[in-house]
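Enquirer: Have a look at this one before I ask anything.
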Amino acid sequence: MADETRTTAPDGPREGRSRRLISRARFLGLVVGGVAVGALSMRVFGLVDGWRENTVESSRPVFDPESYRLTVDGMVERPLTVGYDALRGLPAVRQVSDFHCVEGWKVPDARWDGVRFQTLADLVGPLPEAKFVTFHSLGGVYRDALTLDQALLPDVLIAYDLDGAPLSQVRGAPARLVMPRMFGYKGPKWLTRIEFRDGRDVGYWERRGWRVDAWIRSSS
Amino acid sequence: MDSQQQLAAEPPSDLEGGALSEFLDRFAPPSRQLHWLVAIPVLLLFITGLTNFWPEAKALHLGGARLFAWLHVLLGFAFAGALVLALLTVMPRRSARRDARELLTVRLADYLWLQHQALRAAGQRSVGPRVGKFNAGQKLNAVLTTAATLALTGTGLMLGVNYWRKDVFDVDFVAGLFRWHTVLSVLLLPLVLGHIYMATLNPGTRESLRGIVLGRVRRAWAERHHPAWAERALSEQTASRRERDERDERDERDA
């Protein structure tokens, strides 16, 4: 370490500087190690993991269990309107799936309780010309659409519970669409209407240039 | 030169109208430029990045571009580019290398300084060591801040690519990057806030702000907080000014 003797020796005795304790490499190692330990402990505490909120509604839609209705209509044989209790009374499934936001974060193993879209589709009976489904939010601003084939995938849910508790207002009470194979913006929160259509409806972000089919490509 | 001036141990007061004895040169331009080139973008990156925890601000968008996310990514790329250019132009400079080297050097005085601070915090009387250009707190802050900034830049660049091109990285890899980027920024924030507090508000330390803005600090402050460095800086400053004066004199004679 010729460099070190060169840099410290001329100054050292002249200014009475104190001697060096450990090598710079070890000092750097200690610091980096300290940061890693700190970061890992924060990870354990879950300070930075979990859900983040995204909404474009002017205010978060308020859900009233008495007056809430979920309408399933459009190109169907038997349009359906159900209240909150009736929705919870439909045949339900529990599903554990990762939630991926387009921003980059994910929530691993989110535990959803709700009704399969397939179940709802069987109840209303889509007409042959129904090719697309639009999902409307209570606030009236946000909506998004899937093709009927995408919506009929077995892991597409109308979910009302998350991790064993009813959805909070922030997470989309009373119900939201869960489409685990696409980014979260394809799953509207505060769901109030499911509309079967023959033509594609363009969702809030897709009108602004985002991808219509937000498939997640993952190795796992 | 008369004999009176030659005998004086202190620098002659006629040089630069006495300014020599009041101020000491602390940071040469390269170190100052590097500091502000990092400090200003990092502040802007914090402001735009922290909107992640503020849904109302995060919702602002122009067309499909979410305002703060878009600004953050753009700023991040600009910052990374500027950082590379700055390191290439600044680090070959002797003054900047000397500052960097001193920040990375652990001395006995650093251990004693930390012990001194701990004893004082515990309410005991203690005499601190003769601190050089940087005390142990400044060194730790510099190294931690640099490490966090570099790691944030690395993870941020990949997240920035992912912002436009979702097919480059695997989503789980991106989720890992996102988590580390957040953890590091949350760790860095208190360091930066503490740094700003000490440079602007804390009465005992805010004189140092003059050093990183104008390059010089009051000698009285330096002798109190960085006595070993003050002594060295004064002798270097005196020597270089004497050299310059002698050169000027020579030039005048030759002319």
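Ordered as shown in the structure tokens, chains take letters A, B, and onward, while each chain numbers its residues from 1 and ligands are numbered from 1 in the order shown.
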How close does each residue of chain A get to chain B, giving the shortest atom pair and distance in Å to one decimal for every residue with an atom at most 7 Å away, counting only C-alpha atoms, sorted by chain and residue number, as CSV?

Expert:
```
residue,atom,partner,partner_atom,distance
A:Glu15,CA,B:Arg232,CA,6.3
A:Arg17,CA,B:Ala228,CA,6.8
A:Ser18,CA,B:Leu108,CA,5.6
A:Arg19,CA,B:Arg107,CA,5.3
A:Arg20,CA,B:Arg107,CA,3.9
A:Leu21,CA,B:Arg107,CA,5.0
A:Ile22,CA,B:Val106,CA,6.1
A:Arg24,CA,B:Leu104,CA,5.8
A:Val31,CA,B:Leu144,CA,6.7
A:Ala39,CA,B:Val183,CA,6.1
A:Val48,CA,B:Val183,CA,6.5
A:Asp49,CA,B:Arg179,CA,6.9
A:Glu53,CA,B:Pro55,CA,5.9
A:Asn54,CA,B:Pro55,CA,6.0
A:Thr55,CA,B:Ala59,CA,6.2
A:Val56,CA,B:Ala59,CA,5.6
A:Gly104,CA,B:Ala175,CA,5.3
A:Trp105,CA,B:Ala175,CA,4.7
A:Lys106,CA,B:Ala175,CA,5.7
A:Trp205,CA,B:Gly64,CA,6.3
A:Arg208,CA,B:Gly64,CA,4.4
A:Gly209,CA,B:Gly64,CA,5.7
A:Trp210,CA,B:Gly64,CA,6.6
A:Arg217,CA,B:Asp170,CA,6.7
A:Ser218,CA,B:Asp170,CA,5.4
A:Ser219,CA,B:Asp170,CA,6.8
```

Enquirer: Write the selection just made, keeping N, CA and C atoms, as a short mmCIF file (atom, residue, chain, number, x, y, z; two decimals), in the first residue's frame?

Expert:
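And here's part.cif as it stands now:
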```cif
data_model
loop_
_atom_site.label_atom_id
_atom_site.label_comp_id
_atom_site.auth_asym_id
_atom_site.auth_seq_id
_atom_site.Cartn_x
_atom_site.Cartn_y
_atom_site.Cartn_z
N GLU A 15 2.10 17.67 11.47
CA GLU A 15 0.93 18.28 12.08
C GLU A 15 0.51 17.57 13.35
N ARG A 17 -0.83 14.65 13.48
CA ARG A 17 -2.11 13.99 13.27
C ARG A 17 -2.10 12.63 13.93
N SER A 18 -3.27 12.18 14.37
CA SER A 18 -3.30 10.89 15.05
C SER A 18 -3.17 9.76 14.03
N ARG A 19 -2.71 8.62 14.49
CA ARG A 19 -2.43 7.52 13.56
C ARG A 19 -3.73 6.84 13.12
N ARG A 20 -3.59 6.08 12.04
CA ARG A 20 -4.76 5.44 11.48
C ARG A 20 -5.05 4.13 12.20
N LEU A 21 -6.33 3.84 12.44
CA LEU A 21 -6.70 2.66 13.22
C LEU A 21 -6.88 1.42 12.35
N ILE A 22 -7.72 1.54 11.31
CA ILE A 22 -7.97 0.38 10.46
C ILE A 22 -7.84 0.80 9.01
N ARG A 24 -8.67 1.47 5.08
CA ARG A 24 -9.86 2.08 4.46
C ARG A 24 -10.79 1.00 3.96
N VAL A 31 -18.96 -0.21 7.04
CA VAL A 31 -20.07 0.69 6.76
C VAL A 31 -21.11 0.01 5.88
N ALA A 39 -30.83 -2.34 6.64
CA ALA A 39 -31.86 -2.52 5.62
C ALA A 39 -32.62 -3.83 5.84
N VAL A 48 -41.31 -0.96 4.80
CA VAL A 48 -41.45 -0.42 3.45
C VAL A 48 -42.23 -1.34 2.52
N ASP A 49 -42.56 -2.52 3.02
CA ASP A 49 -43.30 -3.44 2.17
C ASP A 49 -44.79 -3.19 2.29
N GLU A 53 -51.14 3.20 -2.10
CA GLU A 53 -52.44 3.57 -2.65
C GLU A 53 -52.29 4.36 -3.94
N ASN A 54 -53.10 3.99 -4.93
CA ASN A 54 -53.20 4.77 -6.16
C ASN A 54 -54.67 5.00 -6.47
N THR A 55 -55.02 6.23 -6.71
CA THR A 55 -56.40 6.53 -7.09
C THR A 55 -56.43 7.81 -7.92
N VAL A 56 -57.38 7.88 -8.84
CA VAL A 56 -57.55 9.12 -9.60
C VAL A 56 -58.91 9.74 -9.29
N GLY A 104 -43.86 -1.06 -9.86
CA GLY A 104 -42.70 -1.88 -9.54
C GLY A 104 -42.83 -2.67 -8.26
N TRP A 105 -43.70 -2.23 -7.35
CA TRP A 105 -43.81 -2.97 -6.08
C TRP A 105 -44.78 -4.13 -6.23
N LYS A 106 -44.62 -5.08 -5.29
CA LYS A 106 -45.57 -6.19 -5.29
C LYS A 106 -45.95 -6.52 -3.85
N TRP A 205 -56.53 4.61 -17.91
CA TRP A 205 -55.11 4.82 -18.26
C TRP A 205 -54.85 4.48 -19.72
N ARG A 208 -54.96 7.09 -22.00
CA ARG A 208 -53.79 7.97 -21.87
C ARG A 208 -52.51 7.25 -22.29
N GLY A 209 -52.68 6.20 -23.06
CA GLY A 209 -51.51 5.59 -23.69
C GLY A 209 -50.95 4.35 -23.02
N TRP A 210 -51.56 3.93 -21.90
CA TRP A 210 -51.01 2.73 -21.25
C TRP A 210 -51.44 1.48 -22.02
N ARG A 217 -45.08 -10.63 -17.15
CA ARG A 217 -44.18 -11.71 -17.51
C ARG A 217 -43.27 -11.99 -16.33
N SER A 218 -43.36 -13.20 -15.86
CA SER A 218 -42.53 -13.54 -14.70
C SER A 218 -41.99 -14.95 -14.88
N SER A 219 -40.78 -15.14 -14.35
CA SER A 219 -40.18 -16.46 -14.46
C SER A 219 -40.77 -17.41 -13.43
#
```

Enquirer: Excluding B:Arg218 and any residue of its chain fewer than 4 positions from it, enumerate the residues within 9 Å of it, using only C-alpha atoms, and give them as a list in words.

Expert: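 What passes the distance filter is Ser21, Glu22, Phe23, Leu24, Glu207, Ser208, Arg210, Gly211, Ala222 and Glu223 of chain B.
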
Enquirer: Please save C-alpha atoms of the selected residues as a PDB file, in the first residue's frame.

Expert:
```pdb
ATOM      1  CA  SER B  21      -5.844  35.572   9.559  1.00  0.00           C
ATOM      2  CA  GLU B  22      -9.626  35.739   9.749  1.00  0.00           C
ATOM      3  CA  PHE B  23     -10.456  32.945   7.270  1.00  0.00           C
ATOM      4  CA  LEU B  24      -8.966  29.606   6.299  1.00  0.00           C
ATOM      5  CA  GLU B 207     -20.115  27.957  10.134  1.00  0.00           C
ATOM      6  CA  SER B 208     -19.167  24.949   8.014  1.00  0.00           C
ATOM      7  CA  ARG B 210     -19.531  28.902   4.450  1.00  0.00           C
ATOM      8  CA  GLY B 211     -16.840  26.340   3.669  1.00  0.00           C
ATOM      9  CA  ALA B 222     -11.767  26.066  12.658  1.00  0.00           C
ATOM     10  CA  GLU B 223      -9.343  26.283  15.559  1.00  0.00           C
TER      11      GLU B 223
END
```

Enquirer: List every residue of stretch 117-183 of chain B that DSSP, applied to the backbone, labels as helix (DSSP H, G or I), and write the result as number ranges by chain.

Expert: B: 117-121, 136-164, 171-183

Enquirer: Could you write out, as a ChimeraX atom specification, all the residues of stretch 163-206 of chain A that DSSP marks as strand (DSSP E or B)?

Expert: /A:165-166,176-178,182,191-197

Enquirer: Would you mind exporting the chosen residues as a compact mmCIF listing (two decimals), in the first residue's frame, restricted to C-alpha atoms?

Expert:
```
# COMPACT_ATOMS: atom_id res chain seq x y z
CA ALA A 165 -60.89 -8.96 6.71
CA PRO A 166 -63.36 -6.94 4.64
CA ARG A 176 -62.59 -4.92 -6.38
CA LEU A 177 -61.57 -6.84 -9.43
CA VAL A 178 -58.56 -9.11 -8.94
CA MET A 182 -51.96 -8.37 -15.11
CA LEU A 191 -66.55 -1.90 -8.01
CA THR A 192 -70.17 -1.01 -8.73
CA ARG A 193 -70.99 -2.17 -12.25
CA ILE A 194 -69.88 -5.00 -14.55
CA GLU A 195 -70.95 -4.40 -18.14
CA PHE A 196 -70.80 -7.02 -20.91
CA ARG A 197 -70.17 -5.41 -24.32
```

Enquirer: Using only C-alpha atoms, which residues sit within 7 Å of A:Tyr84 once same-chain residues fewer than 5 positions away are excluded, as a PDB file with N, CA and C atoms, in the first residue's frame?

Expert:
```pdb
ATOM      1  N   PRO A  65     -73.189   0.019   3.144  1.00  0.00           N
ATOM      2  CA  PRO A  65     -73.652  -1.366   2.991  1.00  0.00           C
ATOM      3  C   PRO A  65     -75.145  -1.453   2.682  1.00  0.00           C
ATOM      4  N   TYR A  68     -75.586   0.069  -1.174  1.00  0.00           N
ATOM      5  CA  TYR A  68     -74.673  -0.417  -2.210  1.00  0.00           C
ATOM      6  C   TYR A  68     -75.338  -1.476  -3.102  1.00  0.00           C
ATOM      7  N   ARG A  69     -75.132  -1.343  -4.399  1.00  0.00           N
ATOM      8  CA  ARG A  69     -75.594  -2.361  -5.348  1.00  0.00           C
ATOM      9  C   ARG A  69     -74.477  -2.652  -6.341  1.00  0.00           C
TER      10      ARG A  69
END
```

Enquirer: May I have the residues within 12 Å of A:Arg211 as a PDB file with C-alpha atoms, in the first residue's frame, using only C-alpha atoms and disregarding those fewer than 4 positions away in the same chain?

Expert:
```pdb
ATOM      1  CA  VAL A 102     -47.073  -1.266 -12.605  1.00  0.00           C
ATOM      2  CA  ASP A 144     -61.176  -0.601 -17.031  1.00  0.00           C
ATOM      3  CA  ALA A 145     -61.961  -3.427 -19.417  1.00  0.00           C
ATOM      4  CA  LEU A 146     -60.904  -6.993 -20.177  1.00  0.00           C
ATOM      5  CA  MET A 182     -51.963  -8.371 -15.107  1.00  0.00           C
ATOM      6  CA  PHE A 183     -50.732  -5.210 -13.382  1.00  0.00           C
ATOM      7  CA  TYR A 185     -54.393  -0.927 -12.848  1.00  0.00           C
ATOM      8  CA  LYS A 186     -56.418  -3.578 -14.679  1.00  0.00           C
ATOM      9  CA  VAL A 202     -60.943   1.855 -23.281  1.00  0.00           C
ATOM     10  CA  GLY A 203     -59.932   2.156 -19.613  1.00  0.00           C
ATOM     11  CA  TYR A 204     -58.851   5.291 -17.788  1.00  0.00           C
ATOM     12  CA  TRP A 205     -55.113   4.817 -18.256  1.00  0.00           C
ATOM     13  CA  GLU A 206     -55.391   3.154 -21.643  1.00  0.00           C
ATOM     14  CA  ARG A 207     -57.030   6.317 -22.994  1.00  0.00           C
ATOM     15  CA  TRP A 215     -49.780  -9.096 -18.841  1.00  0.00           C
ATOM     16  CA  ILE A 216     -47.143  -9.754 -16.254  1.00  0.00           C
TER      17      ILE A 216
ATOM     18  CA  GLY B  64     -50.510   9.000 -19.187  1.00  0.00           C
ATOM     19  CA  TRP B 164     -40.570   2.726 -19.863  1.00  0.00           C
ATOM     20  CA  ARG B 165     -39.841  -0.869 -20.787  1.00  0.00           C
ATOM     21  CA  LYS B 166     -41.665  -3.476 -18.741  1.00  0.00           C
TER      22      LYS B 166
END
```

Enquirer: Would you please work out which residue, of A:Glu77, A:Asp122, A:Glu129, A:Glu57, is nearest to A:Pro91 when using only C-alpha atoms?

Expert: A:Asp122

Enquirer: Quick one: pull the distance between atom CA of B:Ala82 and atom CA of B:Ala96, Å, one decimal.

Expert: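 Distance reported for this atom pair: 16.8 Å.
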
Enquirer: To one decimal in Å, tell me the separation between atom CA of B:Leu37 and atom CA of B:Leu152.

Expert: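 The value is 15.9 Å.
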
Enquirer: For a test of reading the model, state the distance in Å between atom CA of A:Phe99 and atom CA of A:Ala173, rounded to one decimal.

Expert: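 Atom-to-atom, atom CA of A:Phe99 and atom CA of A:Ala173 are spaced 16.9 Å apart.
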